[in-house]
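The data block below is model-v7.cif; it holds mmCIF, C-alpha atoms.
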data_final
loop_
_atom_site.group_PDB
_atom_site.id
_atom_site.type_symbol
_atom_site.label_atom_id
_atom_site.label_comp_id
_atom_site.auth_asym_id
_atom_site.auth_seq_id
_atom_site.Cartn_x
_atom_site.Cartn_y
_atom_site.Cartn_z
ATOM 1 C CA MET O 18 0.000 0.000 0.000
ATOM 2 C CA LYS O 19 1.245 3.461 -0.920
ATOM 3 C CA ILE O 20 0.026 6.548 0.944
ATOM 4 C CA ILE O 21 0.892 10.072 -0.210
ATOM 5 C CA THR O 22 0.223 13.227 1.803
ATOM 6 C CA LEU O 23 -1.602 15.549 -0.593
ATOM 7 C CA ILE O 24 -2.027 18.415 1.855
ATOM 8 C CA GLU O 25 -0.822 19.290 5.347
ATOM 9 C CA ASN O 26 -0.072 22.612 6.973
ATOM 10 C CA SER O 27 3.618 22.567 7.873
ATOM 11 C CA SER O 28 5.666 24.097 5.102
ATOM 12 C CA GLU O 29 8.962 22.787 6.460
ATOM 13 C CA ARG O 30 7.636 19.282 5.828
ATOM 14 C CA ARG O 31 6.910 19.711 2.135
ATOM 15 C CA VAL O 32 8.883 17.525 -0.261
ATOM 16 C CA SER O 33 9.023 20.141 -3.028
ATOM 17 C CA ALA O 34 8.625 23.922 -3.087
ATOM 18 C CA GLU O 35 6.227 23.449 -6.010
ATOM 19 C CA LEU O 36 3.701 21.805 -3.714
ATOM 20 C CA GLU O 37 1.160 23.880 -1.815
ATOM 21 C CA VAL O 38 0.549 23.760 1.933
ATOM 22 C CA GLU O 39 -2.504 24.864 3.890
ATOM 23 C CA HIS O 40 -4.199 24.256 7.221
ATOM 24 C CA GLY O 41 -5.829 20.999 6.217
ATOM 25 C CA LEU O 42 -5.297 17.317 5.617
ATOM 26 C CA SER O 43 -5.698 14.937 2.687
ATOM 27 C CA PHE O 44 -4.177 11.549 1.802
ATOM 28 C CA TRP O 45 -3.963 9.512 -1.397
ATOM 29 C CA ILE O 46 -4.188 5.756 -0.670
ATOM 30 C CA GLU O 47 -3.230 3.278 -3.383
ATOM 31 C CA THR O 48 -3.392 -0.470 -2.842
ATOM 32 C CA ARG O 49 -1.110 -2.980 -4.508
ATOM 33 C CA GLY O 50 -4.131 -4.063 -6.533
ATOM 34 C CA GLY O 51 -4.374 -0.575 -8.026
ATOM 35 C CA ASP O 52 -7.451 0.738 -6.208
ATOM 36 C CA VAL O 53 -7.251 4.357 -5.051
ATOM 37 C CA TRP O 54 -9.031 5.947 -2.099
ATOM 38 C CA LEU O 55 -8.853 9.400 -0.521
ATOM 39 C CA SER O 56 -8.964 10.344 3.135
ATOM 40 C CA ASP O 57 -10.110 13.967 3.596
ATOM 41 C CA ALA O 58 -10.092 16.860 1.144
ATOM 42 C CA GLY O 59 -8.171 19.757 2.707
ATOM 43 C CA GLN O 60 -9.785 23.194 2.902
ATOM 44 C CA SER O 61 -9.528 24.121 -0.794
ATOM 45 C CA GLY O 62 -8.493 22.660 -4.118
ATOM 46 C CA ALA O 63 -4.819 22.680 -3.110
ATOM 47 C CA ALA O 64 -4.800 18.921 -2.481
ATOM 48 C CA TRP O 65 -6.014 18.263 -6.021
ATOM 49 C CA ARG O 66 -3.479 20.648 -7.546
ATOM 50 C CA ASN O 67 -0.743 18.882 -5.583
ATOM 51 C CA ALA O 68 -2.000 15.518 -6.814
ATOM 52 C CA GLU O 69 -1.725 16.706 -10.401
ATOM 53 C CA ARG O 70 1.785 18.084 -9.796
ATOM 54 C CA LEU O 71 2.739 14.688 -8.383
ATOM 55 C CA GLY O 72 1.423 12.956 -11.512
ATOM 56 C CA LEU O 73 -1.499 11.300 -9.718
ATOM 57 C CA ASP O 74 -4.685 10.634 -11.682
ATOM 58 C CA LEU O 75 -7.641 11.664 -9.508
ATOM 59 C CA GLY O 76 -9.963 9.986 -11.992
ATOM 60 C CA ARG O 77 -8.833 6.642 -10.526
ATOM 61 C CA VAL O 78 -10.280 7.416 -7.092
ATOM 62 C CA LYS O 79 -13.073 5.080 -6.019
ATOM 63 C CA ALA O 80 -14.195 7.069 -2.967
ATOM 64 C CA LEU O 81 -13.366 9.996 -0.708
ATOM 65 C CA ALA O 82 -13.964 9.539 3.031
ATOM 66 C CA LEU O 83 -14.393 12.723 5.101
ATOM 67 C CA SER O 84 -13.264 12.257 8.683
ATOM 68 C CA HIS O 85 -15.528 14.983 10.137
ATOM 69 C CA GLY O 86 -17.387 18.147 9.226
ATOM 70 C CA HIS O 87 -14.717 20.839 9.677
ATOM 71 C CA TYR O 88 -13.797 22.970 6.659
ATOM 72 C CA ASP O 89 -10.104 22.048 6.729
ATOM 73 C CA HIS O 90 -11.050 18.438 5.939
ATOM 74 C CA THR O 91 -14.092 18.971 3.702
ATOM 75 C CA GLY O 92 -13.371 22.237 1.864
ATOM 76 C CA GLY O 93 -12.050 20.559 -1.278
ATOM 77 C CA ALA O 94 -14.843 17.970 -1.428
ATOM 78 C CA VAL O 95 -17.341 19.922 -3.557
ATOM 79 C CA GLU O 96 -14.752 20.599 -6.245
ATOM 80 C CA PHE O 97 -13.671 16.972 -6.198
ATOM 81 C CA GLY O 98 -17.222 15.618 -6.307
ATOM 82 C CA THR O 99 -18.138 17.942 -9.175
ATOM 83 C CA ARG O 100 -15.110 17.014 -11.248
ATOM 84 C CA PHE O 101 -15.099 13.268 -10.501
ATOM 85 C CA ARG O 102 -18.695 12.114 -10.448
ATOM 86 C CA ASP O 103 -17.877 8.390 -10.475
ATOM 87 C CA ALA O 104 -16.225 8.626 -7.047
ATOM 88 C CA THR O 105 -18.470 8.449 -3.972
ATOM 89 C CA ILE O 106 -17.995 10.910 -1.108
ATOM 90 C CA TYR O 107 -18.798 9.492 2.332
ATOM 91 C CA TYR O 108 -19.516 11.531 5.436
ATOM 92 C CA GLN O 109 -21.015 10.695 8.804
ATOM 93 C CA ARG O 110 -24.441 11.970 9.850
ATOM 94 C CA GLY O 111 -24.030 15.361 11.507
ATOM 95 C CA ALA O 112 -21.019 16.381 9.434
ATOM 96 C CA LEU O 113 -23.122 18.998 7.632
ATOM 97 C CA ALA O 114 -24.459 20.551 10.843
ATOM 98 C CA LYS O 115 -23.605 24.122 11.815
ATOM 99 C CA LEU O 116 -20.214 23.696 13.492
ATOM 100 C CA THR O 117 -18.554 26.662 15.162
ATOM 101 C CA HIS O 118 -15.429 27.756 16.986
ATOM 102 C CA GLY O 119 -16.723 30.485 19.247
ATOM 103 C CA GLU O 120 -18.684 32.689 16.860
ATOM 104 C CA ARG O 121 -16.822 31.529 13.744
ATOM 105 C CA TYR O 122 -18.400 29.003 11.404
ATOM 106 C CA ILE O 123 -15.956 26.163 10.717
ATOM 107 C CA GLY O 124 -18.270 23.660 9.065
ATOM 108 C CA SER O 125 -18.706 22.350 5.540
ATOM 109 C CA ASP O 126 -20.039 23.929 2.373
ATOM 110 C CA ALA O 127 -23.781 23.148 2.239
ATOM 111 C CA ALA O 128 -23.329 22.263 -1.430
ATOM 112 C CA LEU O 129 -21.642 19.045 -0.315
ATOM 113 C CA GLY O 130 -24.990 17.599 0.707
ATOM 114 C CA ARG O 131 -26.458 18.377 -2.715
ATOM 115 C CA LEU O 132 -23.882 16.412 -4.688
ATOM 116 C CA ALA O 133 -25.364 13.355 -6.380
ATOM 117 C CA ASN O 134 -22.292 11.305 -5.495
ATOM 118 C CA ALA O 135 -22.239 12.290 -1.788
ATOM 119 C CA ARG O 136 -23.544 9.736 0.703
ATOM 120 C CA GLU O 137 -24.366 10.241 4.363
ATOM 121 C CA ILE O 138 -23.808 7.175 6.543
ATOM 122 C CA VAL O 139 -24.468 6.297 10.158
ATOM 123 C CA GLY O 140 -21.925 4.199 12.029
ATOM 124 C CA GLU O 141 -20.023 1.579 10.056
ATOM 125 C CA ALA O 142 -19.840 1.036 6.296
ATOM 126 C CA THR O 143 -17.877 -1.147 3.883
ATOM 127 C CA LEU O 144 -16.544 0.783 0.888
ATOM 128 C CA GLY O 145 -14.784 -2.048 -0.892
ATOM 129 C CA GLU O 146 -12.695 -5.128 -0.265
ATOM 130 C CA GLY O 147 -10.570 -4.400 2.809
ATOM 131 C CA VAL O 148 -11.826 -0.807 3.041
ATOM 132 C CA SER O 149 -14.268 0.307 5.740
ATOM 133 C CA LEU O 150 -15.437 3.205 7.880
ATOM 134 C CA PHE O 151 -16.373 3.242 11.535
ATOM 135 C CA ALA O 152 -17.585 5.754 14.084
ATOM 136 C CA GLY O 153 -18.758 5.664 17.697
ATOM 137 C CA ALA O 154 -15.573 6.485 19.632
ATOM 138 C CA ARG O 155 -17.331 7.340 22.902
ATOM 139 C CA GLY O 156 -14.595 7.080 25.521
ATOM 140 C CA ARG O 157 -13.093 10.104 27.250
ATOM 141 C CA ARG O 158 -9.537 8.948 27.962
ATOM 142 C CA LEU O 159 -7.357 12.062 27.614
ATOM 143 C CA TRP O 160 -10.038 13.765 25.520
ATOM 144 C CA PRO O 161 -8.433 16.789 23.781
ATOM 145 C CA ARG O 162 -8.931 19.941 25.875
ATOM 146 C CA GLY O 163 -9.028 22.030 22.699
ATOM 147 C CA ASN O 164 -12.488 20.613 21.982
ATOM 148 C CA GLY O 165 -13.881 22.914 24.659
ATOM 149 C CA ALA O 166 -14.229 25.842 22.246
ATOM 150 C CA LEU O 167 -16.011 23.813 19.555
ATOM 151 C CA SER O 168 -19.797 23.748 19.253
ATOM 152 C CA VAL O 169 -22.626 22.341 17.152
ATOM 153 C CA GLU O 170 -26.108 23.712 16.530
ATOM 154 C CA ARG O 171 -28.524 20.903 17.458
ATOM 155 C CA ALA O 172 -31.611 22.835 16.362
ATOM 156 C CA PRO O 173 -32.184 26.418 15.233
ATOM 157 C CA GLY O 174 -30.777 28.567 18.016
ATOM 158 C CA VAL O 175 -29.847 25.563 20.180
ATOM 159 C CA VAL O 176 -26.060 25.340 20.472
ATOM 160 C CA ALA O 177 -24.216 22.655 22.442
ATOM 161 C CA PRO O 178 -20.621 21.484 22.875
ATOM 162 C CA ASP O 179 -19.626 19.319 19.946
ATOM 163 C CA ASP O 180 -19.435 15.655 20.947
ATOM 164 C CA PHE O 181 -17.985 14.681 17.545
ATOM 165 C CA ALA O 182 -20.547 12.021 16.778
ATOM 166 C CA HIS O 183 -19.935 13.163 13.178
ATOM 167 C CA GLU O 184 -16.349 11.892 13.281
ATOM 168 C CA GLU O 185 -15.546 8.746 11.307
ATOM 169 C CA TYR O 186 -12.369 6.773 10.684
ATOM 170 C CA LEU O 187 -11.138 5.011 7.568
ATOM 171 C CA VAL O 188 -9.512 1.574 7.719
ATOM 172 C CA VAL O 189 -7.654 0.073 4.758
ATOM 173 C CA GLU O 190 -6.442 -3.513 5.052
ATOM 174 C CA GLU O 191 -4.142 -5.261 2.603
ATOM 175 C CA GLU O 192 -2.045 -8.407 2.930
ATOM 176 C CA GLY O 193 -2.906 -8.686 6.612
ATOM 177 C CA ARG O 194 -1.799 -5.143 7.496
ATOM 178 C CA ARG O 195 -4.312 -2.537 8.613
ATOM 179 C CA VAL O 196 -3.938 1.225 8.344
ATOM 180 C CA LEU O 197 -6.185 3.547 10.356
ATOM 181 C CA PHE O 198 -6.773 7.131 9.178
ATOM 182 C CA SER O 199 -7.800 9.153 12.211
ATOM 183 C CA GLY O 200 -8.529 12.608 10.716
ATOM 184 C CA CYS O 201 -8.131 14.989 13.665
ATOM 185 C CA ALA O 202 -9.054 12.390 16.317
ATOM 186 C CA HIS O 203 -11.210 14.946 18.115
ATOM 187 C CA ASN O 204 -12.588 12.078 20.170
ATOM 188 C CA GLY O 205 -9.069 11.412 21.438
ATOM 189 C CA ILE O 206 -6.668 9.066 19.675
ATOM 190 C CA LEU O 207 -6.741 6.598 22.580
ATOM 191 C CA ASN O 208 -10.537 6.382 22.413
ATOM 192 C CA VAL O 209 -10.377 5.933 18.644
ATOM 193 C CA LEU O 210 -7.962 3.040 19.148
ATOM 194 C CA ASP O 211 -10.264 1.549 21.794
ATOM 195 C CA ARG O 212 -13.167 1.654 19.333
ATOM 196 C CA PHE O 213 -10.976 0.127 16.624
ATOM 197 C CA ALA O 214 -10.125 -2.747 18.984
ATOM 198 C CA GLU O 215 -13.827 -3.336 19.675
ATOM 199 C CA LEU O 216 -14.655 -3.639 15.985
ATOM 200 C CA TYR O 217 -11.526 -5.138 14.424
ATOM 201 C CA GLY O 218 -9.676 -6.743 17.314
ATOM 202 C CA GLY O 219 -6.207 -5.706 18.421
ATOM 203 C CA ALA O 220 -4.456 -2.602 17.141
ATOM 204 C CA PRO O 221 -3.824 -1.241 13.639
ATOM 205 C CA ASP O 222 -0.347 -1.645 12.169
ATOM 206 C CA VAL O 223 -0.187 2.023 11.156
ATOM 207 C CA VAL O 224 -2.137 5.102 12.304
ATOM 208 C CA ILE O 225 -2.121 8.260 10.172
ATOM 209 C CA GLY O 226 -3.619 11.645 11.064
ATOM 210 C CA GLY O 227 -3.665 14.540 13.496
ATOM 211 C CA PHE O 228 -4.196 14.129 17.241
ATOM 212 C CA HIS O 229 -5.737 17.551 18.035
ATOM 213 C CA LEU O 230 -3.139 18.422 20.678
ATOM 214 C CA LEU O 231 -2.328 21.885 19.299
ATOM 215 C CA ARG O 232 -2.979 24.812 21.698
ATOM 216 C CA LYS O 233 -2.627 28.145 19.875
ATOM 217 C CA GLU O 234 -2.707 30.102 23.124
ATOM 218 C CA GLY O 235 0.202 28.130 24.594
ATOM 219 C CA TYR O 236 0.564 25.029 26.737
ATOM 220 C CA ALA O 237 -0.325 24.916 30.409
ATOM 221 C CA SER O 238 1.342 22.353 32.640
ATOM 222 C CA GLU O 239 -1.798 20.194 32.472
ATOM 223 C CA ASP O 240 -1.603 20.232 28.656
ATOM 224 C CA LEU O 241 2.007 19.107 28.656
ATOM 225 C CA ALA O 242 1.232 16.379 31.201
ATOM 226 C CA ALA O 243 -1.671 15.107 29.071
ATOM 227 C CA ILE O 244 0.489 15.085 25.932
ATOM 228 C CA ALA O 245 3.203 13.106 27.700
ATOM 229 C CA GLU O 246 0.636 10.652 29.084
ATOM 230 C CA THR O 247 -0.858 10.225 25.607
ATOM 231 C CA ALA O 248 2.616 9.473 24.262
ATOM 232 C CA ARG O 249 3.259 6.885 26.973
ATOM 233 C CA GLU O 250 -0.054 5.170 26.252
ATOM 234 C CA LEU O 251 0.592 5.132 22.494
ATOM 235 C CA LYS O 252 4.079 3.737 23.075
ATOM 236 C CA LYS O 253 2.476 0.675 24.690
ATOM 237 C CA THR O 254 0.778 -0.231 21.407
ATOM 238 C CA PRO O 255 2.443 -2.076 18.507
ATOM 239 C CA SER O 256 1.348 0.593 15.997
ATOM 240 C CA VAL O 257 3.504 3.068 14.092
ATOM 241 C CA TYR O 258 2.090 6.616 14.048
ATOM 242 C CA TYR O 259 2.395 9.258 11.317
ATOM 243 C CA THR O 260 1.087 12.587 12.487
ATOM 244 C CA GLY O 261 0.942 16.313 11.745
ATOM 245 C CA HIS O 262 -1.711 18.969 11.078
ATOM 246 C CA CYS O 263 -3.569 19.601 14.375
ATOM 247 C CA THR O 264 -1.040 17.713 16.501
ATOM 248 C CA GLY O 265 1.169 20.817 16.731
ATOM 249 C CA GLU O 266 4.942 21.201 16.784
ATOM 250 C CA THR O 267 5.382 21.238 20.575
ATOM 251 C CA PRO O 268 3.218 18.149 21.145
ATOM 252 C CA ALA O 269 4.883 16.373 18.223
ATOM 253 C CA ALA O 270 8.292 16.982 19.762
ATOM 254 C CA ILE O 271 7.095 15.478 23.054
ATOM 255 C CA LEU O 272 5.577 12.497 21.260
ATOM 256 C CA ARG O 273 8.799 11.840 19.357
ATOM 257 C CA GLU O 274 10.936 12.226 22.489
ATOM 258 C CA ILE O 275 8.910 9.590 24.321
ATOM 259 C CA MET O 276 7.966 7.318 21.411
ATOM 260 C CA GLY O 277 11.121 7.564 19.298
ATOM 261 C CA ASP O 278 10.767 6.199 15.765
ATOM 262 C CA GLN O 279 7.315 4.874 16.623
ATOM 263 C CA CYS O 280 6.086 8.446 15.972
ATOM 264 C CA ARG O 281 6.850 9.975 12.572
ATOM 265 C CA MET O 282 5.766 13.147 10.794
ATOM 266 C CA CYS O 283 3.727 13.601 7.626
ATOM 267 C CA ARG O 284 5.162 15.778 4.844
ATOM 268 C CA VAL O 285 3.304 17.195 1.872
ATOM 269 C CA GLY O 286 4.234 15.035 -1.097
ATOM 270 C CA ALA O 287 5.930 12.324 0.963
ATOM 271 C CA THR O 288 5.096 8.644 0.460
ATOM 272 C CA ILE O 289 4.457 6.107 3.211
ATOM 273 C CA GLU O 290 4.896 2.471 2.140
ATOM 274 C CA VAL O 291 2.978 -0.114 4.168
#
Step by step, read the file and then write its structure as structure tokens.
Amino acid sequence: MKIITLIENSSERRVSAELEVEHGLSFWIETRGGDVWLSDAGQSGAAWRNAERLGLDLGRVKALALSHGHYDHTGGAVEFGTRFRDATIYYQRGALAKLTHGERYIGSDAALGRLANAREIVGEATLGEGVSLFAGARGRRLWPRGNGALSVERAPGVVAPDDFAHEEYLVVEEEGRRVLFSGCAHNGILNVLDRFAELYGGAPDVVIGGFHLLRKEGYASEDLAAIAETARELKKTPSVYYTGHCTGETPAAILREIMGDQCRMCRVGATIEV
């Protein structure tokens, strides 16, 4: 399996200066059998322009899975779905709700729900041989504190803290190895792994995505302690982790210090071979 980072937001981790970066996430996933899948769509069309610069044919994509309803993961989906009508776009129920950070809208383009090739699902779904989606990470082990500023409108004028029921996770299995794409892991990467174990048994071989540990206002001692504890818990697993985006530079440094080569960074344009 070959996985290429199409978009990520750390310019120092880009393979070529010709490739764009933005606050977002998107991955190209190509199996040895030649099937192609996408995880997330970035916040604009930058991921698709990068794919073309890398010589990747987006017309081969069978489906695009959107990890949750935030703009930095869904913003490129309408363009993709309009251009490539044979590919299905999957999102979890609630991903098109009004999602906010304080007063700022951070949700998806409403046009996504009007695409003929977009499909809302609830819970688990099988996309193809060895390719599936799951949801329902309900635990609260080391739940990211940054979620506290994020809200969802449950009904007109009724706003509540976002519980991220709209978050889903993509699993691609080939030749006995399983790769989990975690998006931002707003539900907490440990809780996502717990849910994976419930459904699939054991742990994935590789985990790819952000861990939502970034704190733009700085890190309190309790934040640093939680990051270190998360790293120690992840180190106990047999998985290899590739992270970036909403993990943040300071948390990533702590993860790498504790986990060593078990924690690696995503780079725009870089290839992961599984």
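This file, queried with the PyMOL selection byres ((chain O and resi 124-132) around 9), gives the residues Gly86, His87, Tyr88, Asp89, His90, Thr91, Gly92, Ala94, Val95, Gly98, Thr99, Arg102, Ile106, Ala112, Leu113, Ala114, Lys115, Leu116, Thr117, Tyr122, Ile123, Ala133, Asn134, Ala135, Arg136 and Glu137 of chain O.
If you measure from each of O:Glu120, O:Glu192, O:Glu170, O:Glu274 to Ala248 of chain O using all atoms listed in the file, the closest one turns out to be O:Glu274.
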Of O:Gly51, O:Cys283, O:Ile46, O:Val78, the one nearest to Thr105 of chain O when counting all atoms listed in the file is O:Val78
What are the nearest atom pairs, with distances in Å to one decimal, for all residues of segment 66-114 of chain O that come at most 12 Å from segment 139-152 of chain O, using only C-alpha atoms, set out by chain and rising residue number as CSV?
residue,atom,partner,partner_atom,distance
O:Lys79,CA,O:Leu144,CA,8.8
O:Ala80,CA,O:Leu144,CA,7.7
O:Leu81,CA,O:Leu144,CA,9.9
O:Ala82,CA,O:Leu150,CA,8.1
O:Leu83,CA,O:Leu150,CA,10.0
O:Ser84,CA,O:Leu150,CA,9.3
O:His85,CA,O:Ala152,CA,10.2
O:Ala104,CA,O:Leu144,CA,11.2
O:Thr105,CA,O:Leu144,CA,9.3
O:Ile106,CA,O:Leu144,CA,10.4
O:Tyr107,CA,O:Leu150,CA,9.0
O:Tyr108,CA,O:Val139,CA,8.6
O:Gln109,CA,O:Val139,CA,5.8
O:Arg110,CA,O:Val139,CA,5.7
O:Gly111,CA,O:Val139,CA,9.2
O:Ala112,CA,O:Val139,CA,10.7
Atomic distance atom CA of Lys252 of chain O - atom CA of Met276 of chain O, expressed in Å with one decimal:
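Atom-to-atom, atom CA of Lys252 of chain O to atom CA of Met276 of chain O, that is 5.5 Å.
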* To do: Just the residues within 8 Å of Glu266 of chain O, please, counting only C-alpha atoms, with nothing from its chain fewer than 3 positions along; format it as a PyMOL selection string.
  => chain O and resi 231+269-270
Please produce a file of the residues just selected, as a short mmCIF file (atom, residue, chain, number, x, y, z; two decimals), in the coordinates of the input, where the atoms kept are C-alpha atoms.
data_model
loop_
_atom_site.label_atom_id
_atom_site.label_comp_id
_atom_site.auth_asym_id
_atom_site.auth_seq_id
_atom_site.Cartn_x
_atom_site.Cartn_y
_atom_site.Cartn_z
CA LEU O 231 -2.33 21.88 19.30
CA ALA O 269 4.88 16.37 18.22
CA ALA O 270 8.29 16.98 19.76
#
The residue from O:Leu251, O:Cys263, O:Ala166, O:Ala68 with the smallest atom-to-atom distance to Ile275 of chain O, counting only C-alpha atoms, is O:Leu251
